[in-house]
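Participant: Sharing upload.cif here; it has mmCIF, N, CA and C atoms.
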```cif
data_start
loop_
_atom_site.label_atom_id
_atom_site.label_comp_id
_atom_site.auth_asym_id
_atom_site.auth_seq_id
_atom_site.Cartn_x
_atom_site.Cartn_y
_atom_site.Cartn_z
N MET A 1 53.32 77.37 35.66
CA MET A 1 53.27 77.73 37.08
C MET A 1 51.86 77.47 37.57
N CYS A 2 51.74 76.81 38.68
CA CYS A 2 50.45 76.59 39.33
C CYS A 2 50.21 77.72 40.30
N GLY A 3 49.05 78.27 40.32
CA GLY A 3 48.77 79.33 41.26
C GLY A 3 47.40 79.93 41.00
N ILE A 4 47.09 80.96 41.75
CA ILE A 4 45.82 81.66 41.62
C ILE A 4 46.11 83.03 41.05
N GLY A 5 45.49 83.36 39.94
CA GLY A 5 45.64 84.68 39.34
C GLY A 5 44.34 85.44 39.50
N LEU A 6 44.42 86.62 40.09
CA LEU A 6 43.23 87.43 40.29
C LEU A 6 43.26 88.64 39.37
N ASN A 7 42.10 89.06 38.93
CA ASN A 7 41.92 90.20 38.05
C ASN A 7 42.48 89.91 36.66
N GLY A 8 42.23 88.69 36.17
CA GLY A 8 42.59 88.33 34.82
C GLY A 8 44.05 88.04 34.59
N GLN A 9 44.82 87.82 35.64
CA GLN A 9 46.26 87.58 35.52
C GLN A 9 46.55 86.10 35.35
N ILE A 10 47.55 85.78 34.53
CA ILE A 10 48.15 84.45 34.52
C ILE A 10 49.14 84.47 35.69
N PRO A 11 48.98 83.59 36.67
CA PRO A 11 49.79 83.70 37.89
C PRO A 11 51.28 83.46 37.64
N LEU A 12 52.11 84.38 38.17
CA LEU A 12 53.56 84.22 38.13
C LEU A 12 54.08 83.61 39.43
N THR A 13 53.26 83.63 40.48
CA THR A 13 53.58 83.04 41.77
C THR A 13 52.34 82.29 42.24
N ASN A 14 52.39 81.73 43.45
CA ASN A 14 51.23 81.00 43.97
C ASN A 14 49.99 81.88 44.08
N LEU A 15 50.18 83.14 44.40
CA LEU A 15 49.08 84.10 44.43
C LEU A 15 49.56 85.37 43.75
N HIS A 16 48.88 85.76 42.69
CA HIS A 16 49.26 86.94 41.91
C HIS A 16 48.03 87.82 41.79
N ILE A 17 48.11 89.01 42.40
CA ILE A 17 47.00 89.96 42.37
C ILE A 17 47.46 91.19 41.61
N ARG A 18 46.66 91.63 40.65
CA ARG A 18 47.02 92.82 39.89
C ARG A 18 45.86 93.80 39.96
N GLY A 19 46.21 95.07 40.15
CA GLY A 19 45.19 96.10 40.18
C GLY A 19 45.60 97.24 41.07
N ASN A 20 44.82 98.29 41.06
CA ASN A 20 45.14 99.47 41.87
C ASN A 20 44.20 99.62 43.06
N ILE A 21 43.54 98.55 43.41
CA ILE A 21 42.66 98.55 44.59
C ILE A 21 43.39 97.84 45.72
N PRO A 22 43.43 98.42 46.92
CA PRO A 22 44.16 97.78 48.02
C PRO A 22 43.55 96.44 48.43
N ILE A 23 44.39 95.60 48.99
CA ILE A 23 43.94 94.32 49.54
C ILE A 23 43.34 94.60 50.91
N LEU A 24 42.20 94.04 51.20
CA LEU A 24 41.55 94.23 52.49
C LEU A 24 41.65 92.94 53.30
N ILE A 25 42.26 93.05 54.46
CA ILE A 25 42.27 91.96 55.43
C ILE A 25 41.42 92.45 56.58
N ASP A 26 40.31 91.80 56.80
CA ASP A 26 39.32 92.27 57.77
C ASP A 26 39.28 91.34 58.97
N SER A 27 39.34 91.93 60.16
CA SER A 27 39.34 91.13 61.37
C SER A 27 38.71 91.93 62.50
N VAL A 28 38.20 91.25 63.47
CA VAL A 28 37.61 91.92 64.62
C VAL A 28 38.69 92.59 65.46
N ASP A 29 39.83 91.92 65.66
CA ASP A 29 40.86 92.44 66.56
C ASP A 29 42.22 92.62 65.89
N ASN A 30 42.65 91.65 65.08
CA ASN A 30 44.02 91.64 64.59
C ASN A 30 44.04 91.20 63.13
N ALA A 31 44.22 92.15 62.20
CA ALA A 31 44.34 91.83 60.78
C ALA A 31 45.82 91.70 60.48
N ALA A 32 46.26 90.51 60.07
CA ALA A 32 47.70 90.28 59.93
C ALA A 32 48.01 89.31 58.81
N MET A 33 49.28 89.36 58.39
CA MET A 33 49.84 88.39 57.46
C MET A 33 51.03 87.76 58.17
N ILE A 34 51.20 86.45 58.01
CA ILE A 34 52.32 85.74 58.63
C ILE A 34 53.23 85.22 57.52
N PHE A 35 54.53 85.48 57.66
CA PHE A 35 55.54 85.03 56.70
C PHE A 35 56.39 83.96 57.38
N ASN A 36 56.31 82.73 56.88
CA ASN A 36 57.10 81.62 57.41
C ASN A 36 58.14 81.20 56.39
N THR A 37 59.31 80.79 56.86
CA THR A 37 60.32 80.21 55.99
C THR A 37 60.70 78.83 56.52
N ILE A 38 61.32 78.04 55.69
CA ILE A 38 61.73 76.69 56.08
C ILE A 38 62.72 76.72 57.24
N ASN A 39 63.59 77.77 57.29
CA ASN A 39 64.60 77.82 58.35
C ASN A 39 64.06 78.30 59.68
N GLY A 40 62.77 78.54 59.79
CA GLY A 40 62.18 78.87 61.07
C GLY A 40 61.81 80.32 61.28
N SER A 41 62.12 81.19 60.32
CA SER A 41 61.68 82.59 60.47
C SER A 41 60.17 82.64 60.45
N ASN A 42 59.62 83.40 61.34
CA ASN A 42 58.17 83.49 61.44
C ASN A 42 57.83 84.94 61.82
N ILE A 43 57.56 85.75 60.84
CA ILE A 43 57.30 87.17 61.05
C ILE A 43 55.83 87.46 60.77
N GLN A 44 55.22 88.20 61.65
CA GLN A 44 53.84 88.61 61.49
C GLN A 44 53.79 90.13 61.32
N ILE A 45 53.10 90.59 60.29
CA ILE A 45 52.90 92.02 60.04
C ILE A 45 51.42 92.26 60.11
N GLY A 46 51.02 93.24 60.90
CA GLY A 46 49.59 93.43 61.04
C GLY A 46 49.19 94.77 61.63
N ALA A 47 47.90 94.90 61.77
CA ALA A 47 47.32 96.09 62.37
C ALA A 47 46.26 95.63 63.36
N ARG A 48 46.28 96.27 64.52
CA ARG A 48 45.28 96.01 65.55
C ARG A 48 44.61 97.32 65.91
N TYR A 49 43.68 97.26 66.82
CA TYR A 49 43.00 98.46 67.27
C TYR A 49 43.97 99.48 67.86
N ASP A 50 45.14 99.00 68.32
CA ASP A 50 46.09 99.91 69.00
C ASP A 50 47.35 100.18 68.20
N GLY A 51 47.41 99.83 66.90
CA GLY A 51 48.58 100.20 66.12
C GLY A 51 48.96 99.19 65.05
N PHE A 52 50.01 99.54 64.30
CA PHE A 52 50.58 98.71 63.25
C PHE A 52 51.86 98.10 63.80
N TYR A 53 52.16 96.85 63.44
CA TYR A 53 53.31 96.20 64.05
C TYR A 53 53.99 95.21 63.12
N VAL A 54 55.25 94.91 63.45
CA VAL A 54 56.00 93.78 62.90
C VAL A 54 56.43 92.97 64.12
N TYR A 55 56.04 91.71 64.15
CA TYR A 55 56.25 90.86 65.31
C TYR A 55 57.01 89.61 64.90
N ASP A 56 58.09 89.30 65.60
CA ASP A 56 58.88 88.10 65.34
C ASP A 56 58.34 86.99 66.25
N LYS A 57 57.58 86.09 65.67
CA LYS A 57 56.95 85.04 66.47
C LYS A 57 57.98 84.05 67.02
N SER A 58 59.14 83.91 66.36
CA SER A 58 60.15 82.98 66.84
C SER A 58 60.84 83.48 68.10
N THR A 59 60.92 84.80 68.31
CA THR A 59 61.51 85.35 69.53
C THR A 59 60.44 85.93 70.46
N ALA A 60 59.20 85.96 70.00
CA ALA A 60 58.08 86.53 70.76
C ALA A 60 58.33 87.99 71.15
N LYS A 61 58.87 88.77 70.19
CA LYS A 61 59.14 90.19 70.44
C LYS A 61 58.69 91.03 69.25
N TYR A 62 58.27 92.25 69.57
CA TYR A 62 57.94 93.20 68.51
C TYR A 62 59.23 93.78 67.94
N CYS A 63 59.36 93.82 66.62
CA CYS A 63 60.50 94.44 65.94
C CYS A 63 60.21 95.91 65.65
N MET A 64 58.94 96.22 65.43
CA MET A 64 58.52 97.58 65.13
C MET A 64 57.06 97.73 65.53
N TYR A 65 56.75 98.89 66.10
CA TYR A 65 55.38 99.18 66.48
C TYR A 65 55.10 100.64 66.18
N ALA A 66 53.99 100.93 65.55
CA ALA A 66 53.62 102.31 65.22
C ALA A 66 52.20 102.58 65.70
N LYS A 67 52.05 103.70 66.37
CA LYS A 67 50.73 104.09 66.89
C LYS A 67 50.70 105.60 67.07
N ASP A 68 49.65 106.24 66.61
CA ASP A 68 49.44 107.67 66.81
C ASP A 68 50.63 108.51 66.34
N GLY A 69 51.26 108.14 65.23
CA GLY A 69 52.39 108.90 64.70
C GLY A 69 53.70 108.66 65.43
N LYS A 70 53.75 107.69 66.33
CA LYS A 70 54.96 107.35 67.07
C LYS A 70 55.42 105.97 66.64
N VAL A 71 56.75 105.81 66.44
CA VAL A 71 57.31 104.55 65.96
C VAL A 71 58.37 104.06 66.94
N SER A 72 58.28 102.81 67.30
CA SER A 72 59.26 102.17 68.16
C SER A 72 59.90 101.04 67.37
N ILE A 73 61.25 101.01 67.34
CA ILE A 73 61.99 100.04 66.53
C ILE A 73 63.02 99.33 67.40
N GLY A 74 63.20 98.05 67.17
CA GLY A 74 64.24 97.30 67.87
C GLY A 74 63.70 96.02 68.46
N PRO A 75 64.59 95.22 69.02
CA PRO A 75 64.17 93.91 69.55
C PRO A 75 63.26 94.01 70.77
N ASP A 76 63.17 95.15 71.39
CA ASP A 76 62.26 95.34 72.52
C ASP A 76 61.33 96.52 72.28
N ALA A 77 60.85 96.66 71.05
CA ALA A 77 59.99 97.79 70.69
C ALA A 77 58.76 97.83 71.60
N LYS A 78 58.45 99.03 72.06
CA LYS A 78 57.30 99.24 72.95
C LYS A 78 56.03 99.46 72.15
N GLN A 79 54.93 99.02 72.69
CA GLN A 79 53.65 99.28 72.07
C GLN A 79 53.17 100.69 72.36
N ASN A 80 53.61 101.28 73.45
CA ASN A 80 53.15 102.62 73.84
C ASN A 80 54.33 103.52 74.16
N SER A 81 55.10 103.87 73.14
CA SER A 81 56.25 104.74 73.35
C SER A 81 55.78 106.18 73.53
N GLU A 82 56.50 106.92 74.36
CA GLU A 82 56.18 108.33 74.53
C GLU A 82 56.91 109.22 73.54
N TYR A 83 57.77 108.62 72.68
CA TYR A 83 58.57 109.38 71.74
C TYR A 83 58.06 109.20 70.31
N ILE A 84 58.32 110.19 69.45
CA ILE A 84 57.97 110.08 68.03
C ILE A 84 58.75 108.94 67.40
N LEU A 85 60.06 108.86 67.67
CA LEU A 85 60.90 107.76 67.21
C LEU A 85 61.66 107.22 68.42
N ASP A 86 61.47 105.94 68.69
CA ASP A 86 62.07 105.28 69.85
C ASP A 86 62.84 104.07 69.33
N VAL A 87 64.18 104.13 69.38
CA VAL A 87 65.01 103.06 68.85
C VAL A 87 65.70 102.34 70.00
N TYR A 88 65.56 101.02 70.03
CA TYR A 88 66.20 100.18 71.04
C TYR A 88 67.41 99.52 70.42
N GLY A 89 68.58 99.73 70.98
CA GLY A 89 69.80 99.12 70.47
C GLY A 89 70.67 100.13 69.77
N ASP A 90 71.81 99.65 69.29
CA ASP A 90 72.75 100.50 68.56
C ASP A 90 72.11 100.95 67.26
N THR A 91 72.46 102.17 66.85
CA THR A 91 71.88 102.74 65.64
C THR A 91 72.99 103.20 64.71
N ASN A 92 72.90 102.82 63.46
CA ASN A 92 73.86 103.24 62.44
C ASN A 92 73.18 104.28 61.56
N ILE A 93 73.71 105.49 61.55
CA ILE A 93 73.16 106.56 60.72
C ILE A 93 74.18 106.89 59.65
N ARG A 94 73.81 106.75 58.41
CA ARG A 94 74.70 107.07 57.29
C ARG A 94 74.36 108.48 56.84
N GLY A 95 75.18 109.42 57.26
CA GLY A 95 74.91 110.82 56.97
C GLY A 95 74.86 111.60 58.27
N SER A 96 74.21 112.72 58.25
CA SER A 96 74.15 113.59 59.42
C SER A 96 72.89 113.34 60.23
N LEU A 97 73.00 113.60 61.49
CA LEU A 97 71.86 113.58 62.39
C LEU A 97 71.65 115.02 62.82
N VAL A 98 70.48 115.56 62.57
CA VAL A 98 70.19 116.95 62.93
C VAL A 98 69.21 116.94 64.10
N LEU A 99 69.63 117.55 65.20
CA LEU A 99 68.78 117.70 66.37
C LEU A 99 68.30 119.14 66.40
N ASN A 100 67.01 119.33 66.49
CA ASN A 100 66.47 120.67 66.43
C ASN A 100 65.49 120.88 67.58
N SER A 101 65.96 121.57 68.59
CA SER A 101 65.10 121.90 69.73
C SER A 101 65.20 123.40 69.98
N GLY A 102 64.87 124.19 69.00
CA GLY A 102 65.03 125.63 69.09
C GLY A 102 66.25 126.07 68.32
N LYS A 103 67.43 125.60 68.72
CA LYS A 103 68.67 125.85 67.99
C LYS A 103 69.12 124.53 67.39
N PRO A 104 69.22 124.45 66.06
CA PRO A 104 69.63 123.18 65.45
C PRO A 104 71.03 122.77 65.86
N VAL A 105 71.22 121.52 66.13
CA VAL A 105 72.53 120.95 66.42
C VAL A 105 72.73 119.82 65.43
N LYS A 106 73.84 119.86 64.70
CA LYS A 106 74.14 118.84 63.71
C LYS A 106 75.32 118.02 64.21
N ILE A 107 75.20 116.72 64.17
CA ILE A 107 76.25 115.83 64.62
C ILE A 107 76.78 115.08 63.40
N ASN A 108 78.06 115.26 63.12
CA ASN A 108 78.73 114.52 62.04
C ASN A 108 79.79 113.64 62.64
N THR A 109 79.84 112.41 62.21
CA THR A 109 80.92 111.54 62.68
C THR A 109 82.05 111.58 61.67
N ASP A 110 83.27 111.59 62.14
CA ASP A 110 84.46 111.61 61.31
C ASP A 110 85.12 110.25 61.43
N MET A 111 84.85 109.36 60.49
CA MET A 111 85.37 108.00 60.58
C MET A 111 86.87 107.93 60.33
N VAL A 112 87.46 108.92 59.64
CA VAL A 112 88.89 108.91 59.37
C VAL A 112 89.67 109.14 60.65
N ASN A 113 89.28 110.16 61.42
CA ASN A 113 90.00 110.50 62.64
C ASN A 113 89.38 109.87 63.88
N LYS A 114 88.35 109.09 63.71
CA LYS A 114 87.65 108.44 64.82
C LYS A 114 87.20 109.46 65.86
N GLY A 115 86.66 110.55 65.40
CA GLY A 115 86.18 111.59 66.29
C GLY A 115 84.77 111.98 65.95
N MET A 116 84.24 112.90 66.72
CA MET A 116 82.90 113.39 66.47
C MET A 116 82.92 114.90 66.59
N ILE A 117 82.28 115.58 65.68
CA ILE A 117 82.19 117.03 65.69
C ILE A 117 80.77 117.42 66.03
N LEU A 118 80.61 118.24 67.02
CA LEU A 118 79.31 118.79 67.36
C LEU A 118 79.27 120.23 66.92
N GLY A 119 78.30 120.60 66.12
CA GLY A 119 78.20 121.96 65.64
C GLY A 119 76.85 122.55 65.99
N THR A 120 76.79 123.84 66.18
CA THR A 120 75.53 124.49 66.48
C THR A 120 75.13 125.35 65.28
N ASP A 121 74.27 126.29 65.49
CA ASP A 121 73.76 127.11 64.41
C ASP A 121 74.75 128.19 63.96
N GLY A 122 76.02 127.97 64.16
CA GLY A 122 77.04 128.91 63.72
C GLY A 122 77.77 129.58 64.87
N SER A 123 77.37 129.30 66.09
CA SER A 123 78.01 129.96 67.23
C SER A 123 79.27 129.25 67.70
N GLY A 124 79.67 128.16 67.04
CA GLY A 124 80.92 127.48 67.40
C GLY A 124 80.78 126.00 67.32
N THR A 125 81.91 125.30 67.41
CA THR A 125 81.91 123.86 67.39
C THR A 125 82.75 123.32 68.53
N ALA A 126 82.49 122.11 68.89
CA ALA A 126 83.27 121.43 69.92
C ALA A 126 83.69 120.10 69.36
N GLY A 127 84.93 119.71 69.54
CA GLY A 127 85.39 118.43 69.03
C GLY A 127 85.54 117.43 70.17
N ILE A 128 85.13 116.23 69.94
CA ILE A 128 85.27 115.17 70.93
C ILE A 128 86.00 114.03 70.22
N ASN A 129 87.14 113.62 70.74
CA ASN A 129 87.86 112.50 70.16
C ASN A 129 87.74 111.32 71.10
N TYR A 130 87.59 110.16 70.51
CA TYR A 130 87.50 108.94 71.31
C TYR A 130 88.40 107.88 70.75
#
```
Could you render the structure from this file as structure tokens?

Facilitator:
Amino acid sequence: MCGIGLNGQIPLTNLHIRGNIPILIDSVDNAAMIFNTINGSNIQIGARYDGFYVYDKSTAKYCMYAKDGKVSIGPDAKQNSEYILDVYGDTNIRGSLVLNSGKPVKINTDMVNKGMILGTDGSGTAGINY
């Protein structure tokens, strides 16, 4: 295999780095790595002064953006979301979704009966069939 081996490694790929010290990518504005494939995928992962991001250069859209503990995900991810988690598009959750705003609300989907059960902290449930 032809490649560069760092820290005494025989390279297993074109670039093989071994060790417990992080890789430093240093830049004035945008420290990033770009992943290109032959079929045209062009993804950039990086960090800027205003957050961490995953950017699809082929569609010119952010796929994910994180800043100040807030994460925006989806084909139209915002750089400055006002929510802790901001998801654009349909979302598939495998398991329960627990909403907690004082009184926890748990939402379970029932794929057998094609319905949804909304439950509260024990004060009752409501069924919605669709």

Participant: If you apply the PyMOL selection byres ((chain A and resi 31-33) around 6) to this file, what residues do you get, as a VMD selection string?

Facilitator: chain A and resid 25 to 27 29 to 30 34 to 35 43 to 48

Participant: Figure out the distance between CA of Thr59 in chain A and atom C of Asn42 in chain A, please, to one decimal in Å.

Facilitator: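 Rounded to one decimal, the two atoms are 8.6 Å apart.
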
Participant: What separation in Å, quoted to one decimal, exists between CA of Gln79 in chain A and atom N of Asp56 in chain A?

Facilitator: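 Interatomic distance here is 12.7 Å.
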
Participant: Could you work out how far atom C of Ser58 in chain A lies from CA of Asn39 in chain A, giving the answer in Å with one decimal?

Facilitator: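 Between CA of Asn39 in chain A and atom C of Ser58 in chain A the gap is 11.9 Å.
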
Participant: Mind checking which residues fall within 10 Å of range 66-73 of chain A, counting only C-alpha atoms, ignoring those fewer than 6 positions away in the same chain, and posting them as a ChimeraX atom specification?

Facilitator: /A:47-54,79-89
